[in-house]
>>> print(open('upload-v4.txt').read())   # compact mmCIF, C-alpha atoms
# COMPACT_ATOMS: atom_id res chain seq x y z
CA MET M 15 217.93 166.20 88.04
CA PRO M 16 216.66 169.22 86.05
CA GLU M 17 216.80 167.15 82.84
CA SER M 18 214.90 164.31 84.52
CA LYS M 19 212.28 166.71 85.78
CA SER M 20 211.91 168.23 82.33
CA THR M 21 211.51 164.78 80.75
CA ALA M 22 208.84 163.86 83.31
CA THR M 23 206.96 167.09 82.59
CA ILE M 24 206.99 166.38 78.86
CA GLN M 25 205.77 162.83 79.43
CA VAL M 26 202.89 164.03 81.62
CA ARG M 27 201.94 166.65 79.02
CA GLU M 28 201.99 164.06 76.24
CA SER M 29 199.95 161.70 78.41
CA ALA M 30 197.35 164.44 79.00
CA ASN M 31 197.11 165.22 75.29
CA ARG M 32 196.83 161.53 74.42
CA THR M 33 194.15 160.93 77.05
CA LEU M 34 192.14 163.89 75.78
CA ARG M 35 192.34 162.63 72.18
CA ILE M 36 191.37 159.08 73.15
CA THR M 37 188.32 160.18 75.15
CA ALA M 38 187.24 162.48 72.30
CA VAL M 39 187.46 159.57 69.85
CA PHE M 40 185.60 157.36 72.36
CA TRP M 41 182.78 159.94 72.52
CA PHE M 42 182.61 160.26 68.73
CA ILE M 43 182.51 156.50 68.07
CA THR M 44 179.81 156.01 70.71
CA ALA M 45 177.69 158.83 69.24
CA VAL M 46 178.06 157.58 65.67
CA LEU M 47 177.18 153.98 66.59
CA GLY M 48 174.14 155.28 68.47
CA GLN M 49 173.04 157.35 65.49
CA TRP M 50 173.47 154.40 63.16
CA PHE M 51 171.25 152.30 65.44
CA PHE M 52 168.68 155.06 64.98
CA VAL M 53 169.18 154.90 61.19
CA ALA M 54 168.53 151.15 61.28
CA TYR M 55 165.26 151.85 63.10
CA LEU M 56 164.24 154.49 60.55
CA LEU M 57 164.94 152.14 57.65
CA LEU M 58 163.35 149.06 59.17
CA PHE M 59 160.23 150.82 60.47
CA TYR M 60 159.47 153.72 58.13
CA GLY M 61 161.16 152.16 55.11
CA LYS M 62 159.54 148.76 55.50
CA THR M 63 156.03 150.05 56.21
CA GLY M 64 156.40 152.56 53.36
CA LEU M 65 157.33 149.85 50.86
CA GLN M 66 154.39 147.79 52.10
CA GLY M 67 152.06 150.74 51.49
CA ASN M 68 151.17 150.83 55.19
CA LEU M 69 151.85 154.53 55.69
CA ALA M 70 149.18 154.76 58.38
CA ALA M 71 151.53 152.78 60.66
CA TRP M 72 153.72 155.89 60.85
CA ASN M 73 151.11 157.52 63.09
CA LYS M 74 151.96 154.98 65.77
CA ILE M 75 155.29 156.75 66.26
CA MET M 76 154.79 160.17 64.66
CA PRO M 77 151.38 161.82 65.28
CA HIS M 78 149.95 162.95 61.94
CA GLY M 79 152.95 161.41 60.17
CA TYR M 80 150.59 160.27 57.43
CA VAL M 81 147.39 162.14 56.66
CA PRO M 82 145.19 160.72 53.87
CA GLY M 83 144.70 163.27 51.11
CA ASP M 84 147.46 165.60 52.30
CA ASP M 85 149.94 164.80 49.54
CA ILE M 86 152.19 167.80 50.19
CA GLY M 87 152.38 167.15 53.92
CA ASN M 88 153.02 163.45 53.37
CA MET M 89 155.78 164.33 50.91
CA PHE M 90 157.38 166.54 53.56
CA THR M 91 157.28 163.63 56.01
CA VAL M 92 158.96 161.30 53.53
CA THR M 93 161.57 163.98 52.73
CA HIS M 94 162.27 164.60 56.42
CA ILE M 95 162.78 160.90 57.20
CA SER M 96 164.76 160.14 54.02
CA PHE M 97 167.11 163.08 54.50
CA ALA M 98 167.56 162.18 58.17
CA VAL M 99 168.90 158.78 57.10
CA VAL M 100 171.31 160.37 54.60
CA ILE M 101 172.46 162.97 57.13
CA LEU M 102 173.09 160.50 59.95
CA LEU M 103 175.01 158.14 57.66
CA GLY M 104 177.05 160.70 55.73
CA GLY M 105 177.62 163.41 58.34
CA PRO M 106 180.05 161.53 60.60
CA LEU M 107 182.23 160.66 57.59
CA GLN M 108 183.02 164.38 57.26
CA LEU M 109 184.64 164.38 60.69
CA ILE M 110 187.01 161.42 60.24
CA PRO M 111 190.53 162.79 59.57
CA LYS M 112 191.65 159.82 57.45
CA MET M 113 188.58 160.14 55.23
CA ARG M 114 189.33 163.84 54.69
CA ALA M 115 192.97 163.12 53.89
CA ARG M 116 192.52 160.12 51.59
CA PHE M 117 189.35 161.21 49.80
CA PRO M 118 189.41 165.02 49.61
CA LYS M 119 187.05 165.20 46.61
CA PHE M 120 184.49 163.01 48.37
CA HIS M 121 184.88 165.16 51.48
CA ARG M 122 184.12 168.34 49.54
CA TRP M 123 181.12 167.02 47.65
CA ASN M 124 179.71 165.09 50.59
CA GLY M 125 180.09 168.24 52.68
CA ARG M 126 178.16 170.34 50.20
CA PHE M 127 175.43 167.73 49.96
CA TYR M 128 175.35 167.45 53.77
CA MET M 129 174.87 171.21 54.20
CA VAL M 130 172.06 171.34 51.64
CA THR M 131 170.23 168.37 53.16
CA VAL M 132 170.52 169.56 56.77
CA ILE M 133 169.12 172.98 55.83
CA ILE M 134 166.23 171.45 53.89
CA THR M 135 165.53 169.00 56.72
CA ALA M 136 165.56 171.81 59.29
CA LEU M 137 163.09 173.88 57.25
CA VAL M 138 160.83 170.89 56.61
CA GLY M 139 160.99 170.09 60.32
CA LEU M 140 159.82 173.61 61.15
CA TYR M 141 156.84 173.20 58.81
CA MET M 142 155.94 169.84 60.34
CA MET M 143 156.24 171.18 63.88
CA TRP M 144 154.44 174.53 63.53
CA VAL M 145 151.87 173.70 60.81
CA ARG M 146 151.27 170.01 60.26
CA ASN M 147 151.96 168.40 63.61
CA PRO M 148 151.85 171.06 66.35
CA THR M 149 152.47 168.69 69.27
CA GLY M 150 154.34 169.79 72.37
CA ASN M 151 154.24 173.22 73.98
CA LEU M 152 155.52 176.62 72.93
CA VAL M 153 158.82 176.21 74.76
CA GLN M 154 159.58 173.04 72.78
CA HIS M 155 158.66 174.76 69.52
CA ILE M 156 160.91 177.72 70.28
CA GLY M 157 163.78 175.44 71.31
CA LEU M 158 163.58 173.46 68.07
CA SER M 159 163.20 176.65 66.02
CA VAL M 160 166.41 178.03 67.54
CA ASP M 161 168.13 174.76 66.68
CA ALA M 162 166.94 175.06 63.06
CA MET M 163 168.34 178.60 62.87
CA LEU M 164 171.67 177.42 64.29
CA ILE M 165 171.82 174.70 61.64
CA VAL M 166 171.47 177.31 58.89
CA ILE M 167 173.97 179.70 60.52
CA PHE M 168 176.59 177.04 61.32
CA SER M 169 176.29 175.60 57.78
CA ALA M 170 176.95 179.05 56.32
CA LEU M 171 179.95 179.63 58.59
CA ALA M 172 181.45 176.19 57.92
CA LEU M 173 181.13 176.80 54.18
CA ARG M 174 182.53 180.33 54.43
CA TYR M 175 185.70 179.27 56.22
CA ALA M 176 186.18 176.26 53.94
CA MET M 177 186.02 178.51 50.87
CA ALA M 178 188.41 180.96 52.53
CA GLY M 179 190.92 178.17 53.12
CA LYS M 180 190.78 178.58 56.91
CA ILE M 181 190.53 174.83 57.47
CA ALA M 182 191.08 174.77 61.25
CA THR M 183 188.23 177.25 61.79
CA HIS M 184 186.10 175.39 59.23
CA ARG M 185 186.52 172.14 61.17
CA ARG M 186 185.41 173.78 64.39
CA TRP M 187 182.22 175.06 62.75
CA ALA M 188 181.70 171.65 61.14
CA LEU M 189 181.82 170.04 64.59
CA ARG M 190 179.34 172.59 65.94
CA LEU M 191 177.09 171.89 62.96
CA PHE M 192 177.27 168.14 63.61
CA LEU M 193 176.07 168.70 67.19
CA VAL M 194 173.12 170.95 66.37
CA VAL M 195 172.07 168.62 63.54
CA SER M 196 172.18 165.74 66.05
CA ALA M 197 170.02 167.62 68.58
CA VAL M 198 166.80 165.65 68.03
CA TRP M 199 168.79 162.45 68.46
CA PHE M 200 170.34 163.81 71.69
CA PHE M 201 166.78 164.63 72.81
CA ARG M 202 165.64 161.02 72.46
CA VAL M 203 168.73 159.65 74.18
CA GLY M 204 168.46 162.25 76.95
CA VAL M 205 164.81 161.50 77.66
CA MET M 206 165.42 157.75 77.91
CA LEU M 207 168.46 158.27 80.16
CA TRP M 208 166.41 160.58 82.38
CA PHE M 209 163.63 158.00 82.69
CA LEU M 210 166.17 155.37 83.70
CA LEU M 211 167.89 157.57 86.28
CA THR M 212 164.89 159.34 87.81
CA GLY M 213 161.78 157.50 86.68
CA GLY M 214 160.70 160.50 84.65
CA ILE M 215 160.72 163.30 87.22
CA GLY M 216 159.68 166.54 85.56
CA ILE M 217 157.94 164.83 82.63
CA ASP M 218 154.19 164.63 82.12
CA VAL M 219 153.87 161.47 80.02
CA GLU M 220 150.34 162.25 78.83
CA SER M 221 151.17 165.62 77.29
CA PHE M 222 154.90 164.94 76.97
CA SER M 223 155.72 168.24 78.63
CA GLY M 224 157.07 169.43 81.95
CA PRO M 225 160.16 171.13 83.40
CA PHE M 226 162.66 168.55 82.15
CA ILE M 227 161.22 168.52 78.62
CA SER M 228 161.35 172.34 78.58
CA PHE M 229 165.00 172.18 79.70
CA LEU M 230 165.83 169.56 77.07
CA ALA M 231 164.17 171.63 74.33
CA PHE M 232 167.24 173.85 74.57
CA GLY M 233 169.64 171.51 76.37
CA GLN M 234 169.60 169.02 73.48
CA TYR M 235 172.03 171.27 71.61
CA LEU M 236 173.29 173.76 74.22
CA VAL M 237 174.75 171.08 76.50
CA PRO M 238 176.71 169.32 73.70
CA LEU M 239 177.87 172.70 72.36
CA ALA M 240 179.04 173.74 75.83
CA ILE M 241 181.05 170.52 76.19
CA LEU M 242 182.55 171.06 72.74
CA GLU M 243 183.62 174.61 73.61
CA MET M 244 185.20 173.33 76.81
CA TYR M 245 187.05 170.75 74.72
CA PHE M 246 188.32 173.42 72.31
CA PHE M 247 189.46 175.54 75.27
CA SER M 248 191.24 172.63 76.94
CA GLN M 249 193.17 171.81 73.76
CA THR M 250 195.07 175.09 73.69
CA LYS M 251 194.35 177.13 76.81
CA THR M 252 194.86 174.72 79.69
CA GLY M 253 197.71 172.73 81.15
CA THR M 254 197.89 169.04 81.91
CA ARG M 255 195.42 169.26 84.80
CA GLY M 256 192.83 170.98 82.64
CA LYS M 257 193.24 168.39 79.91
CA PHE M 258 192.81 165.51 82.35
CA ILE M 259 189.70 167.17 83.81
CA MET M 260 188.25 167.63 80.31
CA ALA M 261 189.04 164.01 79.48
CA ALA M 262 187.15 162.95 82.62
CA ILE M 263 184.15 165.09 81.60
CA LEU M 264 184.16 163.55 78.12
CA PHE M 265 184.48 160.04 79.54
CA ILE M 266 181.55 160.51 81.95
CA SER M 267 179.47 162.14 79.19
CA THR M 268 180.20 159.19 76.90
CA ILE M 269 179.19 156.63 79.50
CA LEU M 270 175.92 158.46 80.19
CA MET M 271 175.25 158.84 76.47
CA GLY M 272 176.00 155.15 75.94
CA ILE M 273 173.50 154.19 78.63
CA GLY M 274 170.91 156.46 77.03
CA ILE M 275 171.58 154.89 73.63
CA PHE M 276 171.13 151.40 75.07
CA VAL M 277 167.85 152.31 76.78
CA ALA M 278 166.55 154.10 73.66
CA THR M 279 167.51 151.15 71.47
CA MET M 280 165.87 148.57 73.72
CA GLY M 281 162.83 150.68 74.62
CA LEU M 282 162.10 152.71 71.48
CA TRP M 283 163.91 151.54 68.37
CA LEU M 284 164.39 147.77 68.57
CA PRO M 285 160.69 146.98 69.36
CA ASN M 286 159.66 148.80 66.16
CA MET M 287 162.26 147.34 63.83
>>> encode(input="upload-v4.txt", output="structure tokens")
Amino acid sequence: MPESKSTATIQVRESANRTLRITAVFWFITAVLGQWFFVAYLLLFYGKTGLQGNLAAWNKIMPHGYVPGDDIGNMFTVTHISFAVVILLGGPLQLIPKMRARFPKFHRWNGRFYMVTVIITALVGLYMMWVRNPTGNLVQHIGLSVDAMLIVIFSALALRYAMAGKIATHRRWALRLFLVVSAVWFFRVGVMLWFLLTGGIGIDVESFSGPFISFLAFGQYLVPLAILEMYFFSQTKTGTRGKFIMAAILFISTILMGIGIFVATMGLWLPNM
């Protein structure tokens, strides 16, 4: 009997660990597919209109995206969009264990390139938001500015621990970096999910402001980071019950994110491809 009980305990523990891993992979795959849908939209809208010389069409989606005569500002817009495509395509590859193991040199160089591009994109985004295209309210500007600072800080910490050979800690900071870099994408998905669930309560469509937008200005990265920290905690600090609870949270989060991706794709991205 004691041996049978011990075997059952081990099986339940293994089941909890396996369930947690599977739901984490489910979340990651859903997020990456959603981001690659967004990349397709960027390429097919901004890329196509850019090649056609119809840069003015960008203003349909991005206010002041193209301003005649403002060569520097227009260059920043092109840089921001181009780097966003590179970041969203190359970033997830850094987090795939088999890619890291089989192609370590690619992982190192792609990681360096990723860190440089996310920092440049964050700084260009700050210029576009505060100087060139000051849409939204102060709360939104502050929220995005904090996100930009986190991108720089998390990049530095991920690089520091990689160079120090502390790979487990490096990977944790790399995951945090991935989330804060993805914040503007989470924002779009979150807004579309909120419209579907509530009809847009707390959002003034005309000014694109309101209580929910103010919450999402910070929630776009704080909520994913909070879930990630809970996931880290559940991996090592909780028993089987805690792992199953965390798996349930990840599963529900993934379903909601998937719905938001679908609504954003059908309502925002696909019509402009």
>>> residues_around(input="upload-v4.txt", residues="Ile134 of chain M", least_positions_apart="4", cutoff="12 Å", atoms="all atoms listed in the file", output="PyMOL selection string")
chain M and resi 90+93-98+101+127-130+138-141+162-163+165-166+169+195
>>> closest_residue(input="upload-v4.txt", among="M:Gln49, M:Gly79, M:Thr91, M:Ala261", to="Gly104 of chain M", atoms="all atoms listed in the file")
M:Gln49
>>> residues_around(input="upload-v4.txt", residues="segment 34-41 of chain M", least_positions_apart="2", cutoff="10 Å", atoms="only C-alpha atoms", output="CSV table (one decimal) with C-alpha atoms, in the coordinates of the input")
chain,number,residue,atom,x,y,z
M,28,GLU,CA,202.0,164.1,76.2
M,29,SER,CA,200.0,161.7,78.4
M,30,ALA,CA,197.4,164.4,79.0
M,31,ASN,CA,197.1,165.2,75.3
M,32,ARG,CA,196.8,161.5,74.4
M,43,ILE,CA,182.5,156.5,68.1
M,44,THR,CA,179.8,156.0,70.7
M,45,ALA,CA,177.7,158.8,69.2
M,46,VAL,CA,178.1,157.6,65.7
M,110,ILE,CA,187.0,161.4,60.2
M,242,LEU,CA,182.6,171.1,72.7
M,245,TYR,CA,187.0,170.8,74.7
M,248,SER,CA,191.2,172.6,76.9
M,249,GLN,CA,193.2,171.8,73.8
M,254,THR,CA,197.9,169.0,81.9
M,256,GLY,CA,192.8,171.0,82.6
M,257,LYS,CA,193.2,168.4,79.9
M,258,PHE,CA,192.8,165.5,82.4
M,259,ILE,CA,189.7,167.2,83.8
M,260,MET,CA,188.2,167.6,80.3
M,261,ALA,CA,189.0,164.0,79.5
M,262,ALA,CA,187.2,163.0,82.6
M,263,ILE,CA,184.2,165.1,81.6
M,264,LEU,CA,184.2,163.6,78.1
M,265,PHE,CA,184.5,160.0,79.5
M,266,ILE,CA,181.6,160.5,82.0
M,267,SER,CA,179.5,162.1,79.2
M,268,THR,CA,180.2,159.2,76.9
M,269,ILE,CA,179.2,156.6,79.5
M,271,MET,CA,175.2,158.8,76.5
M,272,GLY,CA,176.0,155.2,75.9
>>> closest_atom_pairs(input="upload-v4.txt", of="segment 111-165 of chain M", to="segment 172-178 of chain M", cutoff="10 Å", atoms="all atoms listed in the file", output="JSON lines")
{"residue": "M:Arg122", "atom": "CA", "partner": "M:Ala176", "partner_atom": "CA", "distance": 9.3}
{"residue": "M:Gly125", "atom": "CA", "partner": "M:Leu173", "partner_atom": "CA", "distance": 8.8}
{"residue": "M:Arg126", "atom": "CA", "partner": "M:Leu173", "partner_atom": "CA", "distance": 8.1}
{"residue": "M:Met129", "atom": "CA", "partner": "M:Leu173", "partner_atom": "CA", "distance": 8.4}
>>> closest_residue(input="upload-v4.txt", among="M:Gly105, M:Gly150, M:Gly224, M:Gly87", to="Thr131 of chain M", atoms="only C-alpha atoms")
M:Gly105
>>> residues_around(input="upload-v4.txt", residues="Gly61 of chain M", least_positions_apart="6", cutoff="12 Å", atoms="all atoms listed in the file", output="list in words")
Val53, Ala54, Tyr55, Gly67, Asn68, Leu69, Ala71, Trp72, Val92, Ile95, Ser96, Val99, Asn286 and Met287 of chain M
>>> residues_around(input="upload-v4.txt", residues="Leu164 of chain M", least_positions_apart="4", cutoff="9 Å", atoms="all atoms listed in the file", output="list in words")
Ser159, Val160, Phe168, Ser169, Leu191, Val194 and Val195 of chain M
>>> write_last_selection(input="upload-v4.txt", atoms="C-alpha atoms", output="PDB file, in the frame of the given file")
ATOM      1  CA  SER M 159     163.200 176.650  66.020  1.00  0.00           C
ATOM      2  CA  VAL M 160     166.410 178.030  67.540  1.00  0.00           C
ATOM      3  CA  PHE M 168     176.590 177.040  61.320  1.00  0.00           C
ATOM      4  CA  SER M 169     176.290 175.600  57.780  1.00  0.00           C
ATOM      5  CA  LEU M 191     177.090 171.890  62.960  1.00  0.00           C
ATOM      6  CA  VAL M 194     173.120 170.950  66.370  1.00  0.00           C
ATOM      7  CA  VAL M 195     172.070 168.620  63.540  1.00  0.00           C
TER       8      VAL M 195
END
>>> atom_distance(input="upload-v4.txt", atom1="atom CA of Lys119 of chain M", atom2="atom CA of Phe246 of chain M")
27.0 Å
>>> axis_aligned_box(input="upload-v4.txt", around="segment 103-111 of chain M", padding_each_side="4 Å", output="AutoDock Vina command-line options")
--center_x 182.8 --center_y 161.3 --center_z 58.2 --size_x 23.5 --size_y 14.2 --size_z 13.0
>>> atom_distance(input="upload-v4.txt", atom1="atom CA of Ile156 of chain M", atom2="atom CA of Phe232 of chain M")
8.6 Å
>>> residues_around(input="upload-v4.txt", residues="Ala231 of chain M", least_positions_apart="2", cutoff="9 Å", atoms="only C-alpha atoms", output="ChimeraX atom specification")
/M:153-158,201,226-229,233-235
>>> atom_distance(input="upload-v4.txt", atom1="atom CA of Ile275 of chain M", atom2="atom CA of Leu102 of chain M")
14.9 Å
>>> closest_residue(input="upload-v4.txt", among="M:Arg255, M:Leu65, M:Val81, M:Phe276", to="Thr23 of chain M", atoms="all atoms listed in the file")
M:Arg255
>>> closest_residue(input="upload-v4.txt", among="M:Ile133, M:Ala188, M:Met89, M:Leu210", to="Leu171 of chain M", atoms="all atoms listed in the file")
M:Ala188
